[in-house]
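The structure file work-v3.cif is reproduced below (mmCIF, C-alpha atoms).
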```
data_structure
loop_
_atom_site.group_PDB
_atom_site.id
_atom_site.type_symbol
_atom_site.label_atom_id
_atom_site.label_comp_id
_atom_site.auth_asym_id
_atom_site.auth_seq_id
_atom_site.Cartn_x
_atom_site.Cartn_y
_atom_site.Cartn_z
ATOM 1 C CA LEU A 29 0.000 0.000 0.000
ATOM 2 C CA GLU A 30 2.886 2.335 0.772
ATOM 3 C CA VAL A 31 4.238 1.908 -2.751
ATOM 4 C CA VAL A 32 0.824 2.697 -4.254
ATOM 5 C CA ALA A 33 0.620 5.844 -2.154
ATOM 6 C CA ASP A 34 4.087 6.871 -3.329
ATOM 7 C CA TYR A 35 3.046 6.380 -6.971
ATOM 8 C CA ALA A 36 -0.077 8.457 -6.419
ATOM 9 C CA ASP A 37 1.943 11.212 -4.766
ATOM 10 C CA VAL A 38 4.502 11.333 -7.584
ATOM 11 C CA THR A 39 1.718 11.311 -10.192
ATOM 12 C CA LEU A 40 0.039 14.283 -8.505
ATOM 13 C CA GLN A 41 3.349 16.158 -8.343
ATOM 14 C CA LEU A 42 3.933 15.487 -12.042
ATOM 15 C CA ALA A 43 0.425 16.646 -12.928
ATOM 16 C CA ASP A 44 1.060 19.944 -11.134
ATOM 17 C CA VAL A 45 4.216 20.473 -13.230
ATOM 18 C CA LEU A 46 2.961 19.166 -16.581
ATOM 19 C CA ALA A 47 -0.557 20.649 -16.735
ATOM 20 C CA PRO A 48 0.723 24.226 -17.171
ATOM 21 C CA LEU A 49 3.133 23.008 -19.863
ATOM 22 C CA LEU A 50 0.223 21.532 -21.830
ATOM 23 C CA LYS A 51 -1.462 24.944 -21.805
ATOM 24 C CA GLU A 52 1.751 26.782 -22.747
ATOM 25 C CA THR A 53 2.360 24.545 -25.753
ATOM 26 C CA GLY A 54 -1.283 24.505 -26.852
ATOM 27 C CA GLN A 55 -1.548 20.748 -26.316
ATOM 28 C CA ASP A 56 -4.221 20.896 -23.611
ATOM 29 C CA GLY A 57 -6.988 20.440 -26.205
ATOM 30 C CA VAL A 58 -5.353 17.303 -27.611
ATOM 31 C CA PHE A 59 -4.921 15.953 -24.099
ATOM 32 C CA ASP A 60 -8.470 16.787 -22.995
ATOM 33 C CA LYS A 61 -10.287 15.737 -26.195
ATOM 34 C CA ILE A 62 -8.196 12.779 -27.429
ATOM 35 C CA GLU A 63 -5.617 11.391 -25.028
ATOM 36 C CA ALA A 64 -7.531 11.453 -21.723
ATOM 37 C CA PRO A 65 -10.806 9.995 -23.135
ATOM 38 C CA LEU A 66 -8.780 7.195 -24.751
ATOM 39 C CA LEU A 67 -7.279 6.044 -21.433
ATOM 40 C CA PRO A 68 -10.320 4.136 -20.113
ATOM 41 C CA VAL A 69 -10.790 2.515 -23.535
ATOM 42 C CA LEU A 70 -7.196 1.257 -23.492
ATOM 43 C CA VAL A 71 -7.541 0.039 -19.918
ATOM 44 C CA ASP A 72 -10.641 -1.924 -20.954
ATOM 45 C CA MET A 73 -8.826 -3.370 -23.987
ATOM 46 C CA GLU A 74 -5.853 -4.424 -21.876
ATOM 47 C CA HIS A 75 -8.147 -5.997 -19.289
ATOM 48 C CA GLU A 76 -10.245 -7.807 -21.907
ATOM 49 C CA GLY A 77 -7.172 -9.187 -23.644
ATOM 50 C CA VAL A 78 -6.761 -10.859 -26.995
ATOM 51 C CA THR A 79 -7.698 -14.456 -27.703
ATOM 52 C CA LEU A 80 -5.191 -16.711 -29.369
ATOM 53 C CA ASP A 81 -6.064 -19.925 -31.158
ATOM 54 C CA THR A 82 -3.124 -22.090 -30.106
ATOM 55 C CA GLN A 83 -4.281 -24.954 -32.326
ATOM 56 C CA VAL A 84 -4.067 -22.774 -35.435
ATOM 57 C CA LEU A 85 -0.704 -21.457 -34.246
ATOM 58 C CA ALA A 86 0.549 -25.034 -33.853
ATOM 59 C CA GLU A 87 -0.529 -25.751 -37.448
ATOM 60 C CA ILE A 88 1.316 -22.642 -38.628
ATOM 61 C CA ALA A 89 4.388 -23.837 -36.712
ATOM 62 C CA VAL A 90 4.328 -27.112 -38.654
ATOM 63 C CA GLN A 91 3.965 -25.207 -41.946
ATOM 64 C CA LEU A 92 6.869 -22.906 -41.084
ATOM 65 C CA GLU A 93 9.065 -25.828 -40.009
ATOM 66 C CA GLY A 94 8.342 -27.548 -43.316
ATOM 67 C CA ALA A 95 9.124 -24.393 -45.274
ATOM 68 C CA MET A 96 12.338 -23.865 -43.323
ATOM 69 C CA THR A 97 13.438 -27.461 -43.984
ATOM 70 C CA ARG A 98 12.745 -27.115 -47.730
ATOM 71 C CA LEU A 99 14.525 -23.750 -47.881
ATOM 72 C CA GLU A 100 17.504 -25.046 -45.898
ATOM 73 C CA LYS A 101 17.852 -27.964 -48.329
ATOM 74 C CA ALA A 102 17.604 -25.614 -51.337
ATOM 75 C CA ILE A 103 20.209 -23.253 -49.841
ATOM 76 C CA TYR A 104 22.670 -26.090 -49.221
ATOM 77 C CA GLU A 105 22.079 -27.380 -52.741
ATOM 78 C CA GLU A 106 22.790 -23.945 -54.250
ATOM 79 C CA ALA A 107 25.852 -23.473 -52.012
ATOM 80 C CA GLY A 108 27.188 -26.926 -52.779
ATOM 81 C CA ARG A 109 27.608 -27.774 -49.093
ATOM 82 C CA GLU A 110 26.066 -27.416 -45.651
ATOM 83 C CA PHE A 111 26.953 -24.583 -43.278
ATOM 84 C CA ASN A 112 25.442 -22.789 -40.295
ATOM 85 C CA LEU A 113 22.659 -20.634 -41.744
ATOM 86 C CA ASN A 114 22.537 -18.605 -38.536
ATOM 87 C CA SER A 115 26.207 -17.649 -38.773
ATOM 88 C CA PRO A 116 26.695 -14.345 -40.634
ATOM 89 C CA LYS A 117 30.392 -15.170 -40.940
ATOM 90 C CA GLN A 118 29.821 -18.554 -42.599
ATOM 91 C CA LEU A 119 27.044 -17.157 -44.768
ATOM 92 C CA GLY A 120 29.292 -14.326 -45.943
ATOM 93 C CA GLU A 121 32.104 -16.739 -46.734
ATOM 94 C CA ILE A 122 29.734 -18.882 -48.825
ATOM 95 C CA LEU A 123 28.068 -16.019 -50.729
ATOM 96 C CA PHE A 124 31.041 -13.736 -51.258
ATOM 97 C CA GLY A 125 34.138 -15.841 -50.647
ATOM 98 C CA GLU A 126 33.153 -19.060 -52.412
ATOM 99 C CA MET A 127 30.282 -18.115 -54.734
ATOM 100 C CA LYS A 128 31.668 -14.637 -55.464
ATOM 101 C CA LEU A 129 28.232 -13.071 -55.959
ATOM 102 C CA VAL A 130 29.737 -9.573 -56.227
ATOM 103 C CA ASP A 131 33.152 -8.284 -57.238
ATOM 104 C CA LYS A 132 33.719 -6.026 -54.255
ATOM 105 C CA PRO A 133 31.510 -7.170 -51.374
ATOM 106 C CA LYS A 134 30.882 -4.811 -48.480
ATOM 107 C CA LYS A 135 32.389 -5.701 -45.134
ATOM 108 C CA THR A 136 31.637 -4.888 -41.509
ATOM 109 C CA ARG A 137 34.003 -3.024 -39.170
ATOM 110 C CA THR A 138 35.371 -6.391 -38.059
ATOM 111 C CA GLY A 139 36.195 -7.419 -41.629
ATOM 112 C CA GLN A 140 33.376 -9.916 -42.113
ATOM 113 C CA TYR A 141 31.247 -9.860 -45.234
ATOM 114 C CA ARG A 142 27.951 -8.003 -44.768
ATOM 115 C CA THR A 143 24.948 -10.314 -44.742
ATOM 116 C CA ASP A 144 22.329 -7.970 -43.274
ATOM 117 C CA GLU A 145 18.838 -7.880 -44.731
ATOM 118 C CA GLN A 146 19.388 -4.808 -46.917
ATOM 119 C CA THR A 147 22.585 -6.242 -48.432
ATOM 120 C CA LEU A 148 20.809 -9.494 -49.232
ATOM 121 C CA MET A 149 17.705 -7.745 -50.577
ATOM 122 C CA ASP A 150 19.915 -5.831 -53.008
ATOM 123 C CA LEU A 151 21.237 -9.181 -54.312
ATOM 124 C CA ALA A 152 18.042 -11.242 -54.245
ATOM 125 C CA HIS A 153 17.106 -10.486 -57.855
ATOM 126 C CA ARG A 154 20.505 -11.711 -59.053
ATOM 127 C CA CYS A 155 20.804 -15.026 -57.276
ATOM 128 C CA GLN A 156 18.207 -17.570 -56.140
ATOM 129 C CA ILE A 157 20.175 -18.628 -53.044
ATOM 130 C CA VAL A 158 19.861 -15.124 -51.617
ATOM 131 C CA GLN A 159 16.068 -15.171 -51.973
ATOM 132 C CA TYR A 160 16.014 -18.577 -50.301
ATOM 133 C CA ILE A 161 18.059 -17.150 -47.413
ATOM 134 C CA LEU A 162 15.710 -14.172 -47.034
ATOM 135 C CA ASP A 163 12.693 -16.483 -47.067
ATOM 136 C CA PHE A 164 14.355 -18.770 -44.509
ATOM 137 C CA ARG A 165 15.112 -15.828 -42.222
ATOM 138 C CA GLU A 166 11.527 -14.573 -42.457
ATOM 139 C CA ALA A 167 10.062 -17.993 -41.653
ATOM 140 C CA SER A 168 12.525 -18.450 -38.796
ATOM 141 C CA LYS A 169 11.718 -15.036 -37.316
ATOM 142 C CA LEU A 170 7.960 -15.588 -37.554
ATOM 143 C CA LYS A 171 8.299 -18.939 -35.857
ATOM 144 C CA SER A 172 10.556 -17.869 -33.004
ATOM 145 C CA THR A 173 9.167 -14.379 -32.374
ATOM 146 C CA TYR A 174 5.465 -15.089 -32.712
ATOM 147 C CA VAL A 175 4.420 -18.714 -33.229
ATOM 148 C CA ASP A 176 6.652 -20.140 -30.499
ATOM 149 C CA ALA A 177 6.593 -17.146 -28.144
ATOM 150 C CA LEU A 178 2.978 -15.936 -28.117
ATOM 151 C CA PRO A 179 1.464 -19.021 -26.422
ATOM 152 C CA GLY A 180 3.804 -18.389 -23.490
ATOM 153 C CA THR A 181 2.213 -14.975 -22.949
ATOM 154 C CA ILE A 182 -1.300 -16.340 -22.438
ATOM 155 C CA HIS A 183 -2.580 -15.550 -18.949
ATOM 156 C CA PRO A 184 -3.305 -18.796 -17.069
ATOM 157 C CA VAL A 185 -6.672 -17.638 -15.721
ATOM 158 C CA SER A 186 -8.178 -15.532 -18.518
ATOM 159 C CA LYS A 187 -6.616 -17.654 -21.316
ATOM 160 C CA ARG A 188 -5.952 -14.420 -23.205
ATOM 161 C CA ILE A 189 -2.973 -12.243 -24.021
ATOM 162 C CA HIS A 190 -2.992 -8.994 -22.074
ATOM 163 C CA THR A 191 -0.704 -6.671 -23.991
ATOM 164 C CA THR A 192 -0.006 -3.105 -22.860
ATOM 165 C CA TYR A 193 -1.090 -0.291 -25.175
ATOM 166 C CA ASN A 194 1.085 2.810 -25.025
ATOM 167 C CA GLN A 195 -0.178 6.165 -26.261
ATOM 168 C CA ILE A 196 2.968 8.263 -26.255
ATOM 169 C CA VAL A 197 5.770 5.934 -27.326
ATOM 170 C CA THR A 198 5.662 6.475 -31.091
ATOM 171 C CA ALA A 199 6.477 9.763 -32.782
ATOM 172 C CA THR A 200 3.648 9.238 -35.281
ATOM 173 C CA GLY A 201 0.951 9.353 -32.610
ATOM 174 C CA ARG A 202 -0.290 5.823 -33.160
ATOM 175 C CA LEU A 203 -0.622 3.249 -30.405
ATOM 176 C CA ASN A 204 2.246 0.987 -29.454
ATOM 177 C CA SER A 205 1.799 -2.510 -28.043
ATOM 178 C CA THR A 206 4.275 -4.147 -25.644
ATOM 179 C CA ASP A 207 4.626 -7.288 -23.534
ATOM 180 C CA PRO A 208 4.011 -8.790 -26.048
ATOM 181 C CA ASN A 209 4.225 -6.545 -29.095
ATOM 182 C CA LEU A 210 1.240 -7.543 -31.229
ATOM 183 C CA GLN A 211 1.705 -4.767 -33.778
ATOM 184 C CA ASN A 212 4.858 -5.907 -35.547
ATOM 185 C CA ILE A 213 3.388 -9.149 -36.828
ATOM 186 C CA PRO A 214 3.800 -8.845 -40.598
ATOM 187 C CA ARG A 215 0.513 -8.311 -42.386
ATOM 188 C CA SER A 216 1.358 -10.482 -45.386
ATOM 189 C CA GLY A 217 2.089 -14.143 -46.145
ATOM 190 C CA ASP A 218 2.490 -16.317 -43.073
ATOM 191 C CA GLY A 219 2.390 -13.238 -40.856
ATOM 192 C CA LEU A 220 -1.163 -12.620 -42.007
ATOM 193 C CA GLN A 221 -2.131 -16.146 -40.931
ATOM 194 C CA ILE A 222 -0.670 -15.494 -37.492
#
```
What is this file in structure tokens?
Amino acid sequence: LEVVADYADVTLQLADVLAPLLKETGQDGVFDKIEAPLLPVLVDMEHEGVTLDTQVLAEIAVQLEGAMTRLEKAIYEEAGREFNLNSPKQLGEILFGEMKLVDKPKKTRTGQYRTDEQTLMDLAHRCQIVQYILDFREASKLKSTYVDALPGTIHPVSKRIHTTYNQIVTATGRLNSTDPNLQNIPRSGDGLQI
């Protein structure tokens, strides 16, 4: 209870400092007409939670695993040998050292070949292995970040995900979702299924 009282006290002190600043900057109307009325709506949304069909997610996991296996096989076939797909160093050595996809490949500060997403996207139209790698990375990220992780965020009693909606985190003024972030799920392909 003492902690709650401390939070209330600090909140009141902040309100006394920030309210005049809202008026000075002309933001009091935005706060009064948009931000403050939205608070109870967000609280209700957080409390209500989001349902998650774990059975469908399990089916998507199987699909992604199958796609990753097929892509891994295709990548190894194109490369002519197996290597650690999750090792930027080994990937760079395959693409730029052995396959010589470009004449003067870019390197990192540590001297390794660059294998970041933008570098690979620039090469994807020139070589099928690079598109396979990008597709593998996307499937892997979807699986680990969402398909495997989201079921672990389901509340044991409500059987729902109770994300936190933040009003003032983004510069664009849109809502932000955290713990877990439900907004960054890609809205195409397998991400759309999720």
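Distances from A:Val38, A:Gly201, A:Gln221, A:Lys128 to Val58 in chain A were compared using all atoms listed in the file, and the smallest one belongs to A:Gly201.
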Closest atom pairs, residues of range 67-180 of chain A within 8 Å of range 204-217 of chain A, all atoms listed in the file, as JSON lines:
```
{"residue": "A:Leu170", "atom": "CA", "partner": "A:Ile213", "partner_atom": "CA", "distance": 7.9}
{"residue": "A:Tyr174", "atom": "CA", "partner": "A:Ile213", "partner_atom": "CA", "distance": 7.5}
{"residue": "A:Leu178", "atom": "CA", "partner": "A:Pro208", "partner_atom": "CA", "distance": 7.5}
```
List as a Markdown table every residue of range 147-190 of chain A that is in contact with range 129-132 of chain A, defined as an atom at most 12 Å from one of its atoms (using all atoms listed in the file), together with the nearest atom pair and the distance in Å rounded to one decimal, sorted by chain and then rising number.
```
| residue | atom | partner | partner_atom | distance |
| --- | --- | --- | --- | --- |
| A:Thr147 | CA | A:Val130 | CA | 11.1 |
| A:Leu148 | CA | A:Leu129 | CA | 10.6 |
| A:Asp150 | CA | A:Val130 | CA | 11.0 |
| A:Leu151 | CA | A:Leu129 | CA | 8.2 |
| A:Ala152 | CA | A:Leu129 | CA | 10.5 |
| A:His153 | CA | A:Leu129 | CA | 11.6 |
| A:Arg154 | CA | A:Leu129 | CA | 8.4 |
| A:Cys155 | CA | A:Leu129 | CA | 7.8 |
| A:Gln156 | CA | A:Leu129 | CA | 11.0 |
| A:Ile157 | CA | A:Leu129 | CA | 10.2 |
| A:Val158 | CA | A:Leu129 | CA | 9.7 |
```
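From CA of Met96 in chain A back to CA of Asp163 in chain A, the distance works out to 8.3 Å.
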Write out as AutoDock Vina command-line options an axis-aligned box for range 51-59 of chain A: all of its atoms listed in the file, 5 Å added on each side, centre and edge lengths in Å with one decimal.
```
--center_x -2.3 --center_y 21.4 --center_z -24.7 --size_x 19.3 --size_y 20.8 --size_z 15.8
```
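Residue nearest Tyr193 in chain A within the list A:Asp44, A:Thr39, A:Val71, A:Glu52: A:Val71 [criterion: smallest interatomic distance, all atoms listed in the file].
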Protein, DNA and RNA residues within 8 Å of (16.1, -18.7, -39.1), only C-alpha atoms, as a list in words: Met96, Leu113, Asn114, Phe164, Arg165, Glu166, Ala167, Ser168 and Lys169 of chain A
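Counting from CA of Leu85 in chain A, the distance to CA of His183 in chain A is 16.5 Å.
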Residues in the PyMOL selection byres ((chain A and resi 101-112) around 7), expressed as an MDAnalysis selection string: chainID A and resid 97:100 113:115 118 122 157 160:161
Residues matched by the PyMOL selection byres ((chain A and resi 89) around 10), written as a VMD selection string: chain A and resid 83 to 88 90 to 95 167 to 168 170 to 172 174 to 176 222
Distance in Å - CA of Asp144 in chain A versus CA of Leu123 in chain A: 12.4 Å
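Using only C-alpha atoms for every distance, the candidate list A:Thr79, A:Gln140, A:Thr191, A:Gln159 yields A:Gln140 as the residue closest to Gly125 in chain A.
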Contact residues around Glu76 in chain A with only C-alpha atoms at 12 Å, ignoring same-chain residues under 3 positions, as a PyMOL selection string: chain A and resi 69-73+79+183+186-192
